[in-house]
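See below for final.pdb, which holds PDB, C-alpha atoms, pLDDT in the B column.
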ATOM      1  CA  MET L 274      10.978 -14.097 -14.070  1.00 75.00           C
ATOM      2  CA  GLU L 275      11.257 -10.476 -15.219  1.00 82.00           C
ATOM      3  CA  ILE L 276      10.675  -7.466 -12.971  1.00 85.00           C
ATOM      4  CA  PRO L 277       7.408  -5.841 -14.139  1.00 89.00           C
ATOM      5  CA  MET L 278       7.292  -2.324 -15.544  1.00 94.00           C
ATOM      6  CA  ALA L 279       3.946  -1.280 -14.052  1.00 95.00           C
ATOM      7  CA  LEU L 280       1.007  -2.283 -11.878  1.00 94.00           C
ATOM      8  CA  ARG L 281      -2.671  -1.789 -12.624  1.00 94.00           C
ATOM      9  CA  LEU L 282      -4.318  -0.015  -9.693  1.00 94.00           C
ATOM     10  CA  GLY L 283      -7.818   0.174 -11.134  1.00 94.00           C
ATOM     11  CA  ASP L 284      -9.638   2.048 -13.895  1.00 93.00           C
ATOM     12  CA  LEU L 285     -10.318   5.675 -14.764  1.00 92.00           C
ATOM     13  CA  ARG L 286     -13.373   7.069 -16.496  1.00 89.00           C
ATOM     14  CA  LEU L 287     -15.126  10.362 -17.184  1.00 85.00           C
ATOM     15  CA  PRO L 288     -18.799  10.982 -16.314  1.00 78.00           C
ATOM     16  CA  GLU L 289     -19.433  12.412 -19.791  1.00 79.00           C
ATOM     17  CA  ALA L 290     -17.937   9.315 -21.463  1.00 78.00           C
ATOM     18  CA  ASP L 291     -19.034   6.548 -19.135  1.00 75.00           C
ATOM     19  CA  GLY L 292     -18.462   3.778 -21.670  1.00 81.00           C
ATOM     20  CA  ILE L 293     -14.711   4.424 -21.799  1.00 84.00           C
ATOM     21  CA  ARG L 294     -12.464   2.784 -19.215  1.00 88.00           C
ATOM     22  CA  ILE L 295      -8.738   3.565 -19.073  1.00 91.00           C
ATOM     23  CA  PRO L 296      -6.456   1.329 -16.995  1.00 94.00           C
ATOM     24  CA  MET L 297      -4.675   3.255 -14.230  1.00 93.00           C
ATOM     25  CA  LEU L 298      -1.071   2.076 -14.302  1.00 94.00           C
ATOM     26  CA  LEU L 299       1.681   2.913 -11.832  1.00 93.00           C
ATOM     27  CA  ARG L 300       5.345   2.538 -12.707  1.00 94.00           C
ATOM     28  CA  LEU L 301       7.321  -0.080 -10.784  1.00 95.00           C
ATOM     29  CA  PRO L 302       9.225  -0.106  -8.570  1.00 93.00           C
ATOM     30  CA  LEU L 303       6.965   2.277  -6.684  1.00 94.00           C
ATOM     31  CA  GLU L 304       8.369   5.795  -6.621  1.00 93.00           C
ATOM     32  CA  ARG L 305       5.974   6.982  -3.917  1.00 94.00           C
ATOM     33  CA  GLY L 306       3.799   5.413  -1.269  1.00 96.00           C
ATOM     34  CA  LEU L 307       0.079   4.681  -1.510  1.00 97.00           C
ATOM     35  CA  TRP L 308      -2.618   6.001   0.812  1.00 96.00           C
ATOM     36  CA  ILE L 309      -5.891   4.061   0.890  1.00 96.00           C
ATOM     37  CA  ASP L 310      -8.316   6.616   2.319  1.00 94.00           C
ATOM     38  CA  SER L 311     -10.630   5.014   4.893  1.00 92.00           C
ATOM     39  CA  GLY L 312     -12.354   8.310   5.717  1.00 88.00           C
ATOM     40  CA  ARG L 313     -15.350   9.908   4.070  1.00 68.00           C
ATOM     41  CA  THR L 314     -14.906  10.596   0.367  1.00 58.00           C
ATOM     42  CA  ASP L 315     -16.839  12.172  -2.467  1.00 53.00           C
ATOM     43  CA  ALA L 316     -17.980   8.663  -3.326  1.00 51.00           C
ATOM     44  CA  LEU L 317     -20.483   8.251  -6.127  1.00 53.00           C
ATOM     45  CA  ASP L 318     -22.365   5.580  -4.172  1.00 52.00           C
ATOM     46  CA  GLU L 319     -23.518   7.100  -0.898  1.00 52.00           C
ATOM     47  CA  SER L 320     -24.355   3.660   0.509  1.00 50.00           C
ATOM     48  CA  PHE L 321     -20.653   3.129   1.185  1.00 47.00           C
ATOM     49  CA  THR L 322     -20.047   6.177   3.365  1.00 57.00           C
ATOM     50  CA  ASP L 323     -20.688   4.316   6.624  1.00 73.00           C
ATOM     51  CA  THR L 324     -17.519   4.527   8.737  1.00 82.00           C
ATOM     52  CA  HIS L 325     -17.304   0.807   9.500  1.00 84.00           C
ATOM     53  CA  ASP L 326     -17.874  -0.144   5.856  1.00 87.00           C
ATOM     54  CA  MET L 327     -15.309   2.368   4.630  1.00 90.00           C
ATOM     55  CA  ARG L 328     -12.619   1.026   6.950  1.00 92.00           C
ATOM     56  CA  ARG L 329     -13.338  -2.562   5.963  1.00 92.00           C
ATOM     57  CA  LEU L 330     -13.388  -1.733   2.260  1.00 92.00           C
ATOM     58  CA  ALA L 331     -10.189   0.297   2.570  1.00 94.00           C
ATOM     59  CA  MET L 332      -8.343  -2.633   4.135  1.00 96.00           C
ATOM     60  CA  GLU L 333      -9.742  -5.063   1.569  1.00 95.00           C
ATOM     61  CA  THR L 334      -8.547  -2.708  -1.174  1.00 95.00           C
ATOM     62  CA  ALA L 335      -5.076  -2.576   0.378  1.00 96.00           C
ATOM     63  CA  VAL L 336      -4.954  -6.378   0.499  1.00 96.00           C
ATOM     64  CA  THR L 337      -5.968  -6.539  -3.169  1.00 95.00           C
ATOM     65  CA  HIS L 338      -3.198  -4.101  -4.157  1.00 96.00           C
ATOM     66  CA  ALA L 339      -0.651  -6.038  -2.086  1.00 97.00           C
ATOM     67  CA  ALA L 340      -1.765  -9.298  -3.728  1.00 96.00           C
ATOM     68  CA  ARG L 341      -1.340  -7.783  -7.197  1.00 95.00           C
ATOM     69  CA  LEU L 342       2.183  -6.683  -6.326  1.00 96.00           C
ATOM     70  CA  LEU L 343       3.060 -10.146  -5.008  1.00 95.00           C
ATOM     71  CA  ALA L 344       1.597 -11.733  -8.143  1.00 94.00           C
ATOM     72  CA  VAL L 345       3.372  -9.586 -10.735  1.00 93.00           C
ATOM     73  CA  TYR L 346       6.845  -9.787  -9.179  1.00 94.00           C
ATOM     74  CA  PRO L 347       8.961 -12.934  -9.668  1.00 92.00           C
ATOM     75  CA  ALA L 348       8.717 -15.345  -6.732  1.00 90.00           C
ATOM     76  CA  GLY L 349      10.784 -14.106  -3.807  1.00 89.00           C
ATOM     77  CA  GLU L 350      11.391 -10.642  -5.296  1.00 93.00           C
ATOM     78  CA  PHE L 351       8.686  -8.882  -3.261  1.00 95.00           C
ATOM     79  CA  THR L 352       8.132  -9.066   0.510  1.00 96.00           C
ATOM     80  CA  VAL L 353       5.104  -7.750   2.423  1.00 97.00           C
ATOM     81  CA  HIS L 354       5.041  -6.661   6.076  1.00 97.00           C
ATOM     82  CA  VAL L 355       1.828  -5.674   7.877  1.00 98.00           C
ATOM     83  CA  VAL L 356       1.285  -3.476  10.913  1.00 97.00           C
ATOM     84  CA  ASP L 357      -2.215  -3.808  12.397  1.00 97.00           C
ATOM     85  CA  PRO L 358      -1.848  -2.330  15.904  1.00 95.00           C
ATOM     86  CA  ALA L 359      -5.360  -3.059  17.203  1.00 94.00           C
ATOM     87  CA  GLY L 360      -6.022  -6.137  15.078  1.00 94.00           C
ATOM     88  CA  SER L 361      -8.997  -4.410  13.436  1.00 93.00           C
ATOM     89  CA  GLY L 362      -7.935  -5.560   9.976  1.00 94.00           C
ATOM     90  CA  ALA L 363      -7.661  -9.252  10.848  1.00 94.00           C
ATOM     91  CA  GLY L 364     -10.673 -10.281   8.780  1.00 94.00           C
ATOM     92  CA  SER L 365      -9.594  -8.399   5.675  1.00 94.00           C
ATOM     93  CA  LEU L 366      -6.046  -9.737   6.015  1.00 96.00           C
ATOM     94  CA  LEU L 367      -7.129 -13.405   5.941  1.00 95.00           C
ATOM     95  CA  PRO L 368      -6.156 -13.935   2.274  1.00 94.00           C
ATOM     96  CA  LEU L 369      -2.591 -12.815   3.086  1.00 95.00           C
ATOM     97  CA  THR L 370      -2.265 -14.549   6.444  1.00 95.00           C
ATOM     98  CA  HIS L 371      -3.839 -17.868   5.423  1.00 93.00           C
ATOM     99  CA  SER L 372      -1.775 -18.188   2.252  1.00 93.00           C
ATOM    100  CA  GLY L 373       1.508 -17.658   4.093  1.00 92.00           C
ATOM    101  CA  VAL L 374       2.828 -14.933   1.786  1.00 95.00           C
ATOM    102  CA  LEU L 375       3.610 -12.427   4.562  1.00 94.00           C
ATOM    103  CA  ALA L 376       7.132 -12.036   5.906  1.00 89.00           C
ATOM    104  CA  ALA L 377       5.724 -12.500   9.436  1.00 93.00           C
ATOM    105  CA  PRO L 378       2.324 -12.377  11.168  1.00 95.00           C
ATOM    106  CA  PRO L 379       0.807  -8.861  11.300  1.00 96.00           C
ATOM    107  CA  ALA L 380       2.485  -6.803  14.017  1.00 97.00           C
ATOM    108  CA  ARG L 381       0.222  -5.787  16.907  1.00 96.00           C
ATOM    109  CA  GLY L 382       0.421  -3.080  19.549  1.00 95.00           C
ATOM    110  CA  ALA L 383       2.943  -0.300  20.006  1.00 94.00           C
ATOM    111  CA  ALA L 384       5.775  -2.811  20.506  1.00 95.00           C
ATOM    112  CA  GLY L 385       4.987  -4.492  17.182  1.00 96.00           C
ATOM    113  CA  VAL L 386       4.874  -1.134  15.416  1.00 96.00           C
ATOM    114  CA  ALA L 387       8.251  -0.154  16.885  1.00 96.00           C
ATOM    115  CA  ASP L 388       9.864  -3.465  15.917  1.00 97.00           C
ATOM    116  CA  VAL L 389       8.777  -3.427  12.260  1.00 97.00           C
ATOM    117  CA  LEU L 390       9.534   0.260  11.744  1.00 97.00           C
ATOM    118  CA  GLY L 391      12.931  -0.140  13.433  1.00 97.00           C
ATOM    119  CA  ARG L 392      13.945  -3.027  11.164  1.00 96.00           C
ATOM    120  CA  LEU L 393      12.818  -1.312   7.966  1.00 97.00           C
ATOM    121  CA  THR L 394      14.435   1.988   8.952  1.00 97.00           C
ATOM    122  CA  GLN L 395      17.700   0.150   9.596  1.00 94.00           C
ATOM    123  CA  ARG L 396      17.385  -1.513   6.197  1.00 94.00           C
ATOM    124  CA  VAL L 397      17.002   1.842   4.445  1.00 95.00           C
ATOM    125  CA  ASP L 398      20.042   3.192   6.329  1.00 93.00           C
ATOM    126  CA  LEU L 399      22.176   0.184   5.285  1.00 90.00           C
ATOM    127  CA  VAL L 400      21.180   0.398   1.623  1.00 92.00           C
ATOM    128  CA  GLN L 401      21.778   4.142   1.497  1.00 90.00           C
ATOM    129  CA  MET L 402      25.214   3.798   3.087  1.00 88.00           C
ATOM    130  CA  ALA L 403      26.124   1.065   0.602  1.00 86.00           C
ATOM    131  CA  LEU L 404      24.948   3.147  -2.359  1.00 81.00           C
ATOM    132  CA  ARG L 405      26.766   6.266  -1.167  1.00 83.00           C
ATOM    133  CA  GLY L 406      29.943   4.231  -0.704  1.00 80.00           C
ATOM    134  CA  GLY L 407      29.646   2.701  -4.159  1.00 78.00           C
ATOM    135  CA  ALA L 408      29.461  -0.772  -2.621  1.00 75.00           C
ATOM    136  CA  ALA L 409      25.899  -1.918  -3.299  1.00 67.00           C
ATOM    137  CA  ASP L 410      27.123  -5.534  -3.336  1.00 72.00           C
ATOM    138  CA  ALA L 411      28.712  -5.269   0.117  1.00 73.00           C
ATOM    139  CA  LEU L 412      25.553  -5.577   2.191  1.00 77.00           C
ATOM    140  CA  PRO L 413      25.592  -7.962   5.198  1.00 78.00           C
ATOM    141  CA  PRO L 414      25.377 -11.739   4.578  1.00 78.00           C
ATOM    142  CA  GLY L 415      21.788 -12.944   4.429  1.00 78.00           C
ATOM    143  CA  PHE L 416      20.507  -9.517   3.422  1.00 85.00           C
ATOM    144  CA  ASP L 417      17.173  -9.893   1.601  1.00 86.00           C
ATOM    145  CA  PRO L 418      17.484  -7.961  -1.701  1.00 87.00           C
ATOM    146  CA  SER L 419      13.756  -8.134  -2.520  1.00 92.00           C
ATOM    147  CA  GLN L 420      11.511  -5.092  -2.690  1.00 95.00           C
ATOM    148  CA  GLN L 421       9.757  -4.503   0.644  1.00 97.00           C
ATOM    149  CA  LEU L 422       6.206  -3.252   1.201  1.00 98.00           C
ATOM    150  CA  LEU L 423       4.907  -2.097   4.585  1.00 98.00           C
ATOM    151  CA  VAL L 424       1.106  -2.073   4.899  1.00 98.00           C
ATOM    152  CA  VAL L 425      -0.046   0.024   7.874  1.00 98.00           C
ATOM    153  CA  ASN L 426      -3.643  -0.183   9.081  1.00 97.00           C
ATOM    154  CA  ASP L 427      -5.442   2.335  11.310  1.00 93.00           C
ATOM    155  CA  PHE L 428      -2.674   4.949  11.335  1.00 95.00           C
ATOM    156  CA  PRO L 429      -1.902   6.683  13.707  1.00 93.00           C
ATOM    157  CA  HIS L 430      -3.250   4.140  16.248  1.00 92.00           C
ATOM    158  CA  GLY L 431      -0.304   2.550  18.073  1.00 92.00           C
ATOM    159  CA  PHE L 432       2.170   5.188  16.843  1.00 95.00           C
ATOM    160  CA  ASP L 433       4.141   7.367  19.243  1.00 94.00           C
ATOM    161  CA  ASP L 434       6.188  10.382  18.114  1.00 93.00           C
ATOM    162  CA  ARG L 435       9.244   8.247  17.341  1.00 95.00           C
ATOM    163  CA  ALA L 436       7.190   5.836  15.218  1.00 96.00           C
ATOM    164  CA  VAL L 437       5.576   8.729  13.336  1.00 95.00           C
ATOM    165  CA  ASN L 438       9.001  10.149  12.511  1.00 95.00           C
ATOM    166  CA  GLN L 439      10.201   6.739  11.334  1.00 97.00           C
ATOM    167  CA  LEU L 440       7.151   6.400   9.110  1.00 97.00           C
ATOM    168  CA  ARG L 441       7.824   9.806   7.570  1.00 96.00           C
ATOM    169  CA  TYR L 442      11.434   8.743   6.990  1.00 97.00           C
ATOM    170  CA  LEU L 443      10.319   5.550   5.229  1.00 97.00           C
ATOM    171  CA  ALA L 444       7.871   7.506   3.058  1.00 97.00           C
ATOM    172  CA  ASP L 445      10.617   9.942   2.006  1.00 96.00           C
ATOM    173  CA  GLU L 446      13.717   7.764   1.807  1.00 96.00           C
ATOM    174  CA  GLY L 447      12.338   4.239   1.519  1.00 96.00           C
ATOM    175  CA  PRO L 448      11.499   4.007  -2.205  1.00 96.00           C
ATOM    176  CA  SER L 449      15.081   4.665  -3.320  1.00 93.00           C
ATOM    177  CA  ALA L 450      16.204   1.835  -1.017  1.00 94.00           C
ATOM    178  CA  GLY L 451      13.493  -0.621  -2.075  1.00 95.00           C
ATOM    179  CA  VAL L 452      11.166  -0.034   0.897  1.00 97.00           C
ATOM    180  CA  HIS L 453       7.629   1.068   0.060  1.00 97.00           C
ATOM    181  CA  LEU L 454       4.635   2.191   2.090  1.00 98.00           C
ATOM    182  CA  MET L 455       0.900   1.545   1.857  1.00 98.00           C
ATOM    183  CA  LEU L 456      -1.061   3.474   4.458  1.00 97.00           C
ATOM    184  CA  VAL L 457      -4.696   2.689   5.313  1.00 97.00           C
ATOM    185  CA  ALA L 458      -5.943   5.708   7.234  1.00 95.00           C
ATOM    186  CA  ASP L 459      -8.504   8.426   7.780  1.00 94.00           C
ATOM    187  CA  ARG L 460      -6.563  11.691   7.678  1.00 93.00           C
ATOM    188  CA  GLU L 461      -8.892  13.348  10.177  1.00 92.00           C
ATOM    189  CA  GLU L 462      -7.815  10.876  12.870  1.00 92.00           C
ATOM    190  CA  SER L 463      -4.286  12.301  12.784  1.00 91.00           C
ATOM    191  CA  ALA L 464      -5.451  15.920  12.981  1.00 89.00           C
ATOM    192  CA  GLY L 465      -3.860  16.196  16.436  1.00 89.00           C
ATOM    193  CA  TYR L 466      -0.424  16.301  14.808  1.00 88.00           C
ATOM    194  CA  GLY L 467      -1.365  19.520  13.026  1.00 87.00           C
ATOM    195  CA  PRO L 468       0.777  20.486  10.019  1.00 90.00           C
ATOM    196  CA  LEU L 469       3.536  18.054  11.068  1.00 90.00           C
ATOM    197  CA  LEU L 470       2.064  15.298   8.885  1.00 93.00           C
ATOM    198  CA  ASP L 471       1.128  17.451   5.901  1.00 94.00           C
ATOM    199  CA  PRO L 472       4.336  16.465   4.021  1.00 94.00           C
ATOM    200  CA  LEU L 473       3.508  12.783   4.624  1.00 95.00           C
ATOM    201  CA  TRP L 474       0.033  13.040   3.103  1.00 95.00           C
ATOM    202  CA  ARG L 475       1.358  15.042   0.142  1.00 93.00           C
ATOM    203  CA  SER L 476       4.033  12.436  -0.538  1.00 95.00           C
ATOM    204  CA  LEU L 477       1.492   9.602  -0.896  1.00 96.00           C
ATOM    205  CA  LEU L 478      -0.764   8.778  -3.836  1.00 94.00           C
ATOM    206  CA  ARG L 479      -4.332   8.864  -2.495  1.00 93.00           C
ATOM    207  CA  LEU L 480      -6.599   6.024  -3.597  1.00 93.00           C
ATOM    208  CA  THR L 481     -10.104   5.207  -2.432  1.00 92.00           C
ATOM    209  CA  PRO L 482     -11.930   1.917  -1.738  1.00 92.00           C
ATOM    210  CA  VAL L 483     -15.007   3.120  -3.643  1.00 88.00           C
ATOM    211  CA  ALA L 484     -15.493   4.942  -6.950  1.00 86.00           C
ATOM    212  CA  ASP L 485     -14.443   8.540  -6.376  1.00 85.00           C
ATOM    213  CA  SER L 486     -13.804  11.539  -8.642  1.00 80.00           C
ATOM    214  CA  HIS L 487     -10.706  12.876  -6.908  1.00 77.00           C
ATOM    215  CA  LEU L 488      -7.937  12.454  -9.492  1.00 79.00           C
ATOM    216  CA  ALA L 489      -7.299  15.707 -11.337  1.00 77.00           C
ATOM    217  CA  ASP L 490      -5.813  15.709 -14.829  1.00 75.00           C
ATOM    218  CA  PRO L 491      -3.182  18.504 -14.972  1.00 75.00           C
ATOM    219  CA  TRP L 492      -3.154  18.573 -18.787  1.00 76.00           C
ATOM    220  CA  VAL L 493      -6.818  19.051 -19.668  1.00 74.00           C
ATOM    221  CA  GLY L 494      -8.346  19.837 -16.264  1.00 75.00           C
ATOM    222  CA  HIS L 495     -10.649  16.831 -16.073  1.00 80.00           C
ATOM    223  CA  ALA L 496     -11.489  15.194 -12.738  1.00 83.00           C
ATOM    224  CA  TRP L 497     -11.212  11.475 -13.418  1.00 86.00           C
ATOM    225  CA  THR L 498     -13.391   8.981 -11.602  1.00 89.00           C
ATOM    226  CA  TYR L 499     -11.194   6.299 -10.065  1.00 91.00           C
ATOM    227  CA  GLU L 500     -12.575   2.778  -9.648  1.00 91.00           C
ATOM    228  CA  PRO L 501     -10.552   0.364  -7.486  1.00 92.00           C
ATOM    229  CA  PRO L 502      -9.927  -3.228  -8.656  1.00 88.00           C
ATOM    230  CA  LEU L 503     -12.414  -4.938  -6.363  1.00 85.00           C
ATOM    231  CA  VAL L 504     -12.789  -8.711  -6.195  1.00 88.00           C
ATOM    232  CA  PRO L 505     -16.366  -9.855  -6.994  1.00 87.00           C
ATOM    233  CA  PRO L 506     -18.343 -10.903  -3.872  1.00 85.00           C
ATOM    234  CA  GLY L 507     -17.923 -14.598  -3.177  1.00 87.00           C
ATOM    235  CA  SER L 508     -15.038 -14.980  -5.617  1.00 90.00           C
ATOM    236  CA  GLN L 509     -12.070 -17.135  -4.579  1.00 91.00           C
ATOM    237  CA  VAL L 510      -9.712 -15.645  -7.160  1.00 92.00           C
ATOM    238  CA  LEU L 511      -7.696 -13.660  -4.592  1.00 93.00           C
ATOM    239  CA  GLN L 512      -7.081 -16.709  -2.415  1.00 92.00           C
ATOM    240  CA  GLN L 513      -6.240 -18.813  -5.471  1.00 94.00           C
ATOM    241  CA  VAL L 514      -3.703 -16.300  -6.733  1.00 94.00           C
ATOM    242  CA  LEU L 515      -2.036 -15.951  -3.329  1.00 95.00           C
ATOM    243  CA  THR L 516      -1.921 -19.727  -2.902  1.00 94.00           C
ATOM    244  CA  ARG L 517      -0.050 -19.973  -6.206  1.00 94.00           C
ATOM    245  CA  VAL L 518       2.292 -17.165  -5.151  1.00 94.00           C
ATOM    246  CA  ALA L 519       3.045 -18.973  -1.874  1.00 93.00           C
ATOM    247  CA  GLU L 520       3.688 -22.244  -3.721  1.00 93.00           C
ATOM    248  CA  ALA L 521       6.027 -20.533  -6.205  1.00 91.00           C
ATOM    249  CA  ARG L 522       7.987 -19.023  -3.326  1.00 87.00           C
ATOM    250  CA  ARG L 523       8.292 -22.383  -1.567  1.00 86.00           C
ATOM    251  CA  THR L 524       9.406 -24.059  -4.799  1.00 84.00           C
ATOM    252  CA  GLY L 525      11.975 -21.343  -5.392  1.00 72.00           C
ATOM    253  CA  ARG L 526      13.488 -21.851  -1.942  1.00 60.00           C
ATOM    254  CA  SER L 527      13.629 -25.659  -2.168  1.00 45.00           C
TER     255      SER L 527
END
Could I get this file's structure written as structure tokens?
Amino acid sequence: MEIPMALRLGDLRLPEADGIRIPMLLRLPLERGLWIDSGRTDALDESFTDTHDMRRLAMETAVTHAARLLAVYPAGEFTVHVVDPAGSGAGSLLPLTHSGVLAAPPARGAAGVADVLGRLTQRVDLVQMALRGGAADALPPGFDPSQQLLVVNDFPHGFDDRAVNQLRYLADEGPSAGVHLMLVADREESAGYGPLLDPLWRSLLRLTPVADSHLADPWVGHAWTYEPPLVPPGSQVLQQVLTRVAEARRTGRS
């Protein structure tokens, strides 16, 4: 029933000491958003650089991270929203959708994007006003106090200029108000925005769906190889965990 201190996002290792694995932990609640890079990476296994495979693996990685967050938080203390404008992540999202742990079905199309972003932006505004006024306990009746995670697939597909600005606002102001972001995207696909989105990418912690040596160590100068926490092929552990999470939430509400 306790709020966790950290989440394991995978493992780190060094090429020159391959037998050593160090858990990569991230403090909770999340202080910055996560970016699951679905574009080409400096992956160690070149067989995974196919565009279709990378996008599928990126979404599966995002689902795994979301499941871990749902599992480590007490029942009802963590809520997940999904925006999948074109429905391209439907297959990867099955563990979340079938178990019933999502706040609502994945939002589709530009209208779905606008609705979810509008509600979460309003939530951040309300929490910030309450905190500034010293009245954190004076939020509207029925207000859900749980931590909120927004998983966005295929950004910037389905996003107009207003939605992009709202997403930037959530990335900057959301964490302090309990609203967190997980972006599944290929940065090159948003190149048309030019430098406008540079602050967004810098604000997010970049993770990859395949082993990749992109995490620099500022203390000793090493480039760590990051390995995501993948579920073994054919394993039902993810579905089993989410089923238990869903049952715990139903029990808690009854």
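Between atom CA of L:Val493 and atom CA of L:Trp308 the interatomic distance comes to 24.6 Å.
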Excluding L:Leu280 and residues on its chain fewer than 4 positions from it, collect all residues at most 10 Å away from it, counting all atoms listed in the file, and give them as a list in words.
-> Pro296, Met297, Leu298, Leu299, Arg300, Leu301, Pro302, Leu303, His338, Arg341, Leu342, Val345 and Tyr346 of chain L
Between atom CA of L:Ala484 and atom CA of L:Pro501 lies a distance of 6.8 Å
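Minimum distance to L:Leu399 across L:Asp427, L:Glu304, L:Asp323, L:Asp417 (counting all atoms listed in the file) occurs at L:Asp417.
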With only C-alpha atoms as the basis for distance, which of L:Ala408, L:Val397, L:Ala344, L:Leu423 is at the shortest distance from L:Met274?
->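 Counting only C-alpha atoms, the residue closest to L:Met274 is L:Ala344.
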Neighbour list for L:Gly525 as a list in words, cut-off 7 Å, all atoms listed in the file, skip fewer than 3 positions in-chain =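 Skipping anything fewer than 3 positions along the chain leaves Ala348, Ala521 and Arg522 of chain L.
Here atom CA of L:Gly373 and atom CA of L:Met332 stand 18.0 Å from one another.
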To verify the selection step, state as a PyMOL selection string which residues the PyMOL selection byres ((chain L and resi 515) around 10) yields on this input.
-> chain L and resi 340-341+343-344+368-374+510-514+516-521
Of the candidates L:Leu454, L:Ala387, L:Ala339, L:Ala359, which shows the shortest atom-to-atom distance to L:Leu375, using only C-alpha atoms?
->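 Checking each of L:Leu454, L:Ala387, L:Ala339, L:Ala359 against L:Leu375, counting only C-alpha atoms, the winner is L:Ala339.
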